[in-house]
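Printed here is input.cif (mmCIF, C-alpha atoms):
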```
data_query
#
loop_
_atom_site.group_PDB
_atom_site.id
_atom_site.type_symbol
_atom_site.label_atom_id
_atom_site.label_comp_id
_atom_site.auth_asym_id
_atom_site.auth_seq_id
_atom_site.Cartn_x
_atom_site.Cartn_y
_atom_site.Cartn_z
ATOM 1 C CA MET M 272 78.802 -29.532 -125.654
ATOM 2 C CA PRO M 273 79.863 -27.704 -122.468
ATOM 3 C CA SER M 274 81.594 -24.345 -122.599
ATOM 4 C CA VAL M 275 84.523 -23.503 -120.350
ATOM 5 C CA THR M 276 85.963 -20.130 -119.361
ATOM 6 C CA MET M 277 89.210 -19.597 -117.486
ATOM 7 C CA THR M 278 92.120 -17.202 -117.317
ATOM 8 C CA VAL M 279 95.232 -18.544 -119.046
ATOM 9 C CA ASN M 280 98.477 -16.601 -118.789
ATOM 10 C CA GLY M 281 96.569 -13.505 -117.730
ATOM 11 C CA LYS M 282 93.982 -13.587 -120.524
ATOM 12 C CA GLN M 283 90.406 -14.771 -120.216
ATOM 13 C CA VAL M 284 89.692 -17.590 -122.668
ATOM 14 C CA SER M 285 86.590 -19.600 -123.479
ATOM 15 C CA GLY M 286 85.862 -22.613 -125.583
ATOM 16 C CA ASP M 287 83.412 -25.388 -126.265
ATOM 17 C CA VAL M 288 84.764 -28.762 -125.185
ATOM 18 C CA GLU M 289 83.570 -32.292 -124.864
ATOM 19 C CA GLY M 290 83.041 -33.199 -121.223
ATOM 20 C CA ARG M 291 85.966 -35.619 -121.382
ATOM 21 C CA THR M 292 88.484 -33.081 -122.748
ATOM 22 C CA LEU M 293 91.588 -32.914 -120.562
ATOM 23 C CA LEU M 294 92.985 -29.540 -119.549
ATOM 24 C CA SER M 295 96.241 -30.447 -121.333
ATOM 25 C CA THR M 296 94.331 -31.043 -124.564
ATOM 26 C CA PHE M 297 92.350 -27.810 -124.187
ATOM 27 C CA ILE M 298 95.568 -25.850 -123.653
ATOM 28 C CA ARG M 299 97.327 -27.389 -126.639
ATOM 29 C CA GLU M 300 94.507 -27.778 -129.148
ATOM 30 C CA ASN M 301 92.049 -25.000 -128.322
ATOM 31 C CA LEU M 302 94.558 -22.358 -127.230
ATOM 32 C CA ASP M 303 97.521 -23.448 -129.393
ATOM 33 C CA LEU M 304 99.876 -23.256 -126.394
ATOM 34 C CA THR M 305 102.082 -26.208 -127.223
ATOM 35 C CA GLY M 306 104.712 -25.697 -124.525
ATOM 36 C CA THR M 307 102.628 -27.907 -122.256
ATOM 37 C CA HIS M 308 103.775 -31.321 -123.425
ATOM 38 C CA ILE M 309 101.806 -34.550 -123.344
ATOM 39 C CA GLY M 310 104.110 -37.449 -122.691
ATOM 40 C CA CYS M 311 101.968 -40.205 -121.299
ATOM 41 C CA ASP M 312 98.293 -39.238 -120.770
ATOM 42 C CA THR M 313 98.442 -41.292 -117.570
ATOM 43 C CA SER M 314 99.861 -38.795 -115.047
ATOM 44 C CA GLN M 315 103.207 -40.591 -114.918
ATOM 45 C CA CYS M 316 105.691 -38.253 -116.640
ATOM 46 C CA GLY M 317 104.937 -34.687 -115.492
ATOM 47 C CA ALA M 318 105.610 -33.085 -118.897
ATOM 48 C CA CYS M 319 102.163 -31.453 -118.774
ATOM 49 C CA VAL M 320 102.532 -29.590 -115.470
ATOM 50 C CA VAL M 321 100.889 -26.169 -115.333
ATOM 51 C CA HIS M 322 99.865 -23.933 -112.449
ATOM 52 C CA VAL M 323 96.168 -23.885 -111.592
ATOM 53 C CA ASP M 324 95.207 -21.266 -109.030
ATOM 54 C CA GLY M 325 98.848 -20.998 -107.988
ATOM 55 C CA ARG M 326 99.654 -24.686 -107.550
ATOM 56 C CA SER M 327 101.378 -27.089 -109.912
ATOM 57 C CA ILE M 328 99.157 -29.780 -111.352
ATOM 58 C CA LYS M 329 99.542 -32.376 -114.058
ATOM 59 C CA SER M 330 97.103 -31.009 -116.611
ATOM 60 C CA CYS M 331 96.327 -34.507 -117.904
ATOM 61 C CA THR M 332 94.683 -35.247 -114.539
ATOM 62 C CA LEU M 333 92.114 -32.477 -114.780
ATOM 63 C CA LEU M 334 89.208 -32.116 -117.146
ATOM 64 C CA ALA M 335 88.986 -28.737 -118.844
ATOM 65 C CA VAL M 336 85.501 -28.215 -117.355
ATOM 66 C CA GLN M 337 86.975 -28.716 -113.869
ATOM 67 C CA ALA M 338 89.172 -25.662 -114.509
ATOM 68 C CA GLU M 339 86.113 -23.457 -115.025
ATOM 69 C CA GLY M 340 86.933 -20.019 -113.592
ATOM 70 C CA ALA M 341 90.487 -21.042 -112.684
ATOM 71 C CA ASP M 342 93.652 -19.023 -113.164
ATOM 72 C CA VAL M 343 96.011 -21.171 -115.262
ATOM 73 C CA VAL M 344 99.656 -20.419 -116.027
ATOM 74 C CA THR M 345 101.520 -22.415 -118.645
ATOM 75 C CA ILE M 346 105.222 -22.359 -119.475
ATOM 76 C CA GLU M 347 104.442 -19.677 -122.070
ATOM 77 C CA GLY M 348 103.089 -17.413 -119.332
ATOM 78 C CA LEU M 349 106.013 -17.783 -116.960
ATOM 79 C CA ALA M 350 108.340 -15.329 -118.686
ATOM 80 C CA ASP M 351 107.721 -11.583 -118.578
ATOM 81 C CA GLY M 352 107.707 -10.758 -122.275
ATOM 82 C CA GLU M 353 111.213 -11.415 -123.535
ATOM 83 C CA GLU M 354 112.619 -11.662 -119.993
ATOM 84 C CA LEU M 355 112.860 -15.265 -118.864
ATOM 85 C CA HIS M 356 111.709 -16.314 -115.418
ATOM 86 C CA PRO M 357 114.702 -16.985 -113.117
ATOM 87 C CA MET M 358 113.922 -20.718 -113.244
ATOM 88 C CA GLN M 359 114.008 -20.710 -117.044
ATOM 89 C CA GLU M 360 117.318 -18.821 -116.974
ATOM 90 C CA ALA M 361 118.751 -21.269 -114.458
ATOM 91 C CA PHE M 362 117.757 -24.300 -116.545
ATOM 92 C CA ARG M 363 119.502 -22.676 -119.506
ATOM 93 C CA ASP M 364 122.584 -21.587 -117.549
ATOM 94 C CA CYS M 365 123.038 -24.881 -115.690
ATOM 95 C CA HIS M 366 122.265 -27.110 -118.681
ATOM 96 C CA GLY M 367 119.277 -28.544 -116.825
ATOM 97 C CA LEU M 368 117.898 -30.000 -120.028
ATOM 98 C CA GLN M 369 118.947 -32.099 -122.966
ATOM 99 C CA CYS M 370 116.147 -32.953 -125.373
ATOM 100 C CA GLY M 371 113.844 -30.446 -123.649
ATOM 101 C CA PHE M 372 110.689 -32.548 -123.683
ATOM 102 C CA CYS M 373 110.339 -32.687 -119.891
ATOM 103 C CA THR M 374 111.611 -29.151 -119.338
ATOM 104 C CA PRO M 375 108.296 -27.240 -119.273
ATOM 105 C CA GLY M 376 106.875 -29.578 -116.635
ATOM 106 C CA MET M 377 110.111 -29.572 -114.631
ATOM 107 C CA VAL M 378 110.279 -25.782 -114.679
ATOM 108 C CA MET M 379 106.643 -25.367 -113.643
ATOM 109 C CA SER M 380 107.005 -27.910 -110.829
ATOM 110 C CA ALA M 381 110.239 -26.314 -109.625
ATOM 111 C CA VAL M 382 108.676 -22.840 -109.551
ATOM 112 C CA ASP M 383 105.874 -24.204 -107.383
ATOM 113 C CA LEU M 384 108.444 -25.797 -105.075
ATOM 114 C CA LEU M 385 110.191 -22.460 -104.577
ATOM 115 C CA ASN M 386 106.857 -20.774 -103.893
ATOM 116 C CA VAL M 387 106.319 -23.288 -101.078
ATOM 117 C CA ASN M 388 109.939 -23.624 -99.953
ATOM 118 C CA PRO M 389 112.283 -20.817 -101.081
ATOM 119 C CA ASP M 390 115.446 -22.611 -99.903
ATOM 120 C CA PRO M 391 115.077 -26.353 -100.502
ATOM 121 C CA SER M 392 117.823 -28.897 -99.963
ATOM 122 C CA ASP M 393 118.976 -31.142 -102.801
ATOM 123 C CA HIS M 394 116.938 -33.946 -101.251
ATOM 124 C CA GLU M 395 113.805 -31.782 -101.069
ATOM 125 C CA ILE M 396 114.225 -30.756 -104.720
ATOM 126 C CA ARG M 397 114.611 -34.366 -105.844
ATOM 127 C CA GLU M 398 111.633 -35.421 -103.749
ATOM 128 C CA TRP M 399 109.413 -32.615 -105.120
ATOM 129 C CA LEU M 400 110.360 -33.416 -108.724
ATOM 130 C CA GLU M 401 109.804 -37.147 -108.232
ATOM 131 C CA GLY M 402 106.662 -37.060 -110.409
ATOM 132 C CA ASN M 403 108.536 -35.501 -113.329
ATOM 133 C CA ILE M 404 110.451 -37.952 -115.483
ATOM 134 C CA CYS M 405 113.505 -36.977 -117.504
ATOM 135 C CA ARG M 406 114.922 -39.699 -119.682
ATOM 136 C CA CYS M 407 118.029 -37.745 -120.771
ATOM 137 C CA THR M 408 119.727 -36.261 -117.713
ATOM 138 C CA GLY M 409 120.860 -37.680 -114.436
ATOM 139 C CA TYR M 410 118.918 -34.878 -112.671
ATOM 140 C CA HIS M 411 122.164 -33.418 -111.316
ATOM 141 C CA ASN M 412 121.967 -30.287 -113.481
ATOM 142 C CA ILE M 413 118.242 -29.965 -112.877
ATOM 143 C CA VAL M 414 118.862 -29.838 -109.121
ATOM 144 C CA LYS M 415 121.683 -27.367 -109.738
ATOM 145 C CA ALA M 416 119.326 -25.178 -111.790
ATOM 146 C CA VAL M 417 116.663 -25.180 -109.070
ATOM 147 C CA LYS M 418 119.273 -24.209 -106.472
ATOM 148 C CA GLN M 419 120.495 -21.337 -108.683
ATOM 149 C CA ALA M 420 116.939 -20.121 -109.307
ATOM 150 C CA ALA M 421 116.190 -20.305 -105.591
ATOM 151 C CA GLN M 422 119.168 -18.100 -104.826
ATOM 152 C CA THR M 423 118.184 -15.620 -107.542
ATOM 153 C CA MET M 424 114.554 -15.515 -106.458
ATOM 154 C CA ARG M 425 115.461 -15.050 -102.782
ATOM 155 C CA GLY M 426 117.724 -12.147 -103.816
ATOM 156 C CA GLN M 427 114.925 -10.569 -105.828
ATOM 157 C CA ALA M 428 112.510 -10.956 -102.919
ATOM 158 C CA ALA M 429 115.006 -9.374 -100.501
ATOM 159 C CA ALA M 430 115.628 -6.471 -102.889
ATOM 160 C CA ALA M 431 111.870 -5.848 -103.194
ATOM 161 C CA GLU M 432 111.452 -5.562 -99.417
#
```
Could you express the structure from this file as structure tokens?
Amino acid sequence: MPSVTMTVNGKQVSGDVEGRTLLSTFIRENLDLTGTHIGCDTSQCGACVVHVDGRSIKSCTLLAVQAEGADVVTIEGLADGEELHPMQEAFRDCHGLQCGFCTPGMVMSAVDLLNVNPDPSDHEIREWLEGNICRCTGYHNIVKAVKQAAQTMRGQAAAAE
């Protein structure tokens, strides 16, 4: 059985996995980080989005062994201790969730969007989140949350300069 080593949420982790083990399964079952949701196992829903080496990826599309040596951030690693990430705060403040199942993937995808484009239009937000399915909301409050987080994050970046 192959062994895999990667950094997850700032900590180096290792584990023995079958060659066919998906990264999403490794995260949930080997590391007990259950914030990464598995909604479809077919790359359709986006509930399993994590950051791998700084980019959002559906973790059900990557084998755990393919993440060997990678830096992985899950929804659990986004906050700074008890302080929520601005995107998490915005989703809460703007009611960008209902049942919450899609929320971790939405948040992780939206953070990646703002890393690439710090001031996206509503259209750009909707287009970026196209691979993330929410069955509860009409996406209006999700877009609103991303816009609020973008404003907050731009303000933080300006203050740090």
Exercise: Thr292 of chain M partners within 9 Å, only C-alpha atoms, chain neighbours under 6 positions left out, as a PDB file with C-alpha atoms, keeping the file's coordinate frame:
```pdb
ATOM      1  CA  LEU M 333      92.114 -32.477-114.780  1.00  0.00           C
ATOM      2  CA  LEU M 334      89.208 -32.116-117.146  1.00  0.00           C
ATOM      3  CA  ALA M 335      88.986 -28.737-118.844  1.00  0.00           C
ATOM      4  CA  VAL M 336      85.501 -28.215-117.355  1.00  0.00           C
TER       5      VAL M 336
END
```
Segment 402-409 of chain M: which residues within 10 Å, counting all atoms listed in the file, same-chain residues fewer than 5 positions away excluded, as a PDB file with C-alpha atoms, in the frame of the given file?
```
ATOM      1  CA  GLY M 310     104.110 -37.449-122.691  1.00  0.00           C
ATOM      2  CA  SER M 314      99.861 -38.795-115.047  1.00  0.00           C
ATOM      3  CA  GLN M 315     103.207 -40.591-114.918  1.00  0.00           C
ATOM      4  CA  CYS M 316     105.691 -38.253-116.640  1.00  0.00           C
ATOM      5  CA  GLY M 317     104.937 -34.687-115.492  1.00  0.00           C
ATOM      6  CA  ALA M 318     105.610 -33.085-118.897  1.00  0.00           C
ATOM      7  CA  CYS M 319     102.163 -31.453-118.774  1.00  0.00           C
ATOM      8  CA  VAL M 320     102.532 -29.590-115.470  1.00  0.00           C
ATOM      9  CA  LYS M 329      99.542 -32.376-114.058  1.00  0.00           C
ATOM     10  CA  HIS M 366     122.265 -27.110-118.681  1.00  0.00           C
ATOM     11  CA  GLY M 367     119.277 -28.544-116.825  1.00  0.00           C
ATOM     12  CA  LEU M 368     117.898 -30.000-120.028  1.00  0.00           C
ATOM     13  CA  GLN M 369     118.947 -32.099-122.966  1.00  0.00           C
ATOM     14  CA  CYS M 370     116.147 -32.953-125.373  1.00  0.00           C
ATOM     15  CA  GLY M 371     113.844 -30.446-123.649  1.00  0.00           C
ATOM     16  CA  PHE M 372     110.689 -32.548-123.683  1.00  0.00           C
ATOM     17  CA  CYS M 373     110.339 -32.687-119.891  1.00  0.00           C
ATOM     18  CA  THR M 374     111.611 -29.151-119.338  1.00  0.00           C
ATOM     19  CA  GLY M 376     106.875 -29.578-116.635  1.00  0.00           C
ATOM     20  CA  MET M 377     110.111 -29.572-114.631  1.00  0.00           C
ATOM     21  CA  VAL M 378     110.279 -25.782-114.679  1.00  0.00           C
ATOM     22  CA  SER M 380     107.005 -27.910-110.829  1.00  0.00           C
ATOM     23  CA  ARG M 397     114.611 -34.366-105.844  1.00  0.00           C
ATOM     24  CA  VAL M 414     118.862 -29.838-109.121  1.00  0.00           C
TER      25      VAL M 414
END
```
Taking 6 positions as the minimum chain separation for residues in the same chain, which residues sit within 12 Å of Val321 of chain M when counting all atoms listed in the file? Answer as an NGL selection string. :M and (279-280 or 294-295 or 298-299 or 304-309 or 327-333 or 338 or 341-349 or 374-383)
What is the atom CA of His411 of chain M-atom CA of Cys365 of chain M distance in Å, reported with one decimal?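 That distance, rounded to one decimal, is 9.6 Å.
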Using all atoms listed in the file, which of M:Ile396, M:Met272, M:Leu384, M:Met277 sits nearest Arg291 of chain M? M:Met272
For atom CA of Asp364 of chain M and atom CA of Ala416 of chain M, the interatomic separation in Å (one decimal): 7.5 Å
Output as lines of an AutoDock Vina configuration file the centre and edge lengths (Å, one decimal) of the box along x, y and z of the file that holds every listed atom of segment 399-404 of chain M after adding 3 Å on each side.
```
center_x = 108.6
center_y = -35.3
center_z = -110.3
size_x = 9.8
size_y = 11.3
size_z = 16.4
```
Could you write out as a count of residues only the residues that the PyMOL selection byres ((chain M and resi 285-288) around 7) matches in the shown file? 11
How far is it from atom CA of Thr278 of chain M to atom CA of Val323 of chain M, in Å with one decimal? 9.7 Å
The PyMOL selection byres ((chain M and resi 354-358) around 9) resolved against shown file, as a ChimeraX atom specification: /M:349-353,359-363,378-379,381-382,416-417,419-421,423-424
Kindly indicate which residue among M:Glu401, M:Glu339, M:Lys415, M:His322 lies nearest to Asn386 of chain M, using all atoms listed in the file for the distances.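 Of M:Glu401, M:Glu339, M:Lys415, M:His322, the one nearest Asn386 of chain M, counting all atoms listed in the file, is M:His322.
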Across M:Asp390, M:Asn301, M:Leu400, M:Cys311, the smallest distance to Gly426 of chain M, with all atoms listed in the file counted, is shown by M:Asp390
Measuring between only C-alpha atoms, which one of M:Thr313, M:Lys282, M:Leu302, M:Arg326 shows the shortest distance to Gly340 of chain M?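 With only C-alpha atoms as the atom set, the closest residue is M:Lys282.
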Where atoms are lacking, segment 340-355 of chain M completed to N, CA and C atoms, as a short mmCIF file (atom, residue, chain, number, x, y, z; two decimals), in the coordinates of the input:
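Output file result-v9.cif follows:
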```
data_model
loop_
_atom_site.label_atom_id
_atom_site.label_comp_id
_atom_site.auth_asym_id
_atom_site.auth_seq_id
_atom_site.Cartn_x
_atom_site.Cartn_y
_atom_site.Cartn_z
N GLY M 340 86.68 -21.15 -114.47
CA GLY M 340 86.93 -20.02 -113.59
C GLY M 340 88.33 -19.98 -113.00
N ALA M 341 89.15 -20.97 -113.29
CA ALA M 341 90.49 -21.04 -112.68
C ALA M 341 91.46 -20.07 -113.35
N ASP M 342 92.52 -19.80 -112.64
CA ASP M 342 93.65 -19.02 -113.16
C ASP M 342 94.74 -20.03 -113.49
N VAL M 343 95.05 -20.18 -114.78
CA VAL M 343 96.01 -21.17 -115.26
C VAL M 343 97.23 -20.45 -115.83
N VAL M 344 98.41 -20.93 -115.46
CA VAL M 344 99.66 -20.42 -116.03
C VAL M 344 100.39 -21.59 -116.65
N THR M 345 100.75 -21.41 -117.93
CA THR M 345 101.52 -22.42 -118.64
C THR M 345 102.96 -21.92 -118.76
N ILE M 346 103.82 -22.75 -119.30
CA ILE M 346 105.22 -22.36 -119.48
C ILE M 346 105.34 -21.08 -120.31
N GLU M 347 104.41 -20.89 -121.25
CA GLU M 347 104.44 -19.68 -122.07
C GLU M 347 104.16 -18.42 -121.26
N GLY M 348 103.45 -18.56 -120.15
CA GLY M 348 103.09 -17.41 -119.33
C GLY M 348 104.05 -17.14 -118.20
N LEU M 349 105.08 -17.94 -118.07
CA LEU M 349 106.01 -17.78 -116.96
C LEU M 349 106.95 -16.60 -117.17
N ALA M 350 107.43 -16.43 -118.38
CA ALA M 350 108.34 -15.33 -118.69
C ALA M 350 107.57 -14.01 -118.67
N ASP M 351 108.30 -12.93 -118.52
CA ASP M 351 107.72 -11.58 -118.58
C ASP M 351 108.14 -10.97 -119.91
N GLY M 352 107.33 -11.20 -120.93
CA GLY M 352 107.71 -10.76 -122.28
C GLY M 352 108.93 -11.52 -122.75
N GLU M 353 109.97 -10.80 -123.08
CA GLU M 353 111.21 -11.42 -123.54
C GLU M 353 112.13 -11.82 -122.37
N GLU M 354 111.79 -11.36 -121.17
CA GLU M 354 112.62 -11.66 -119.99
C GLU M 354 112.21 -13.00 -119.39
N LEU M 355 113.13 -13.94 -119.41
CA LEU M 355 112.86 -15.26 -118.86
C LEU M 355 112.66 -15.21 -117.35
#
```
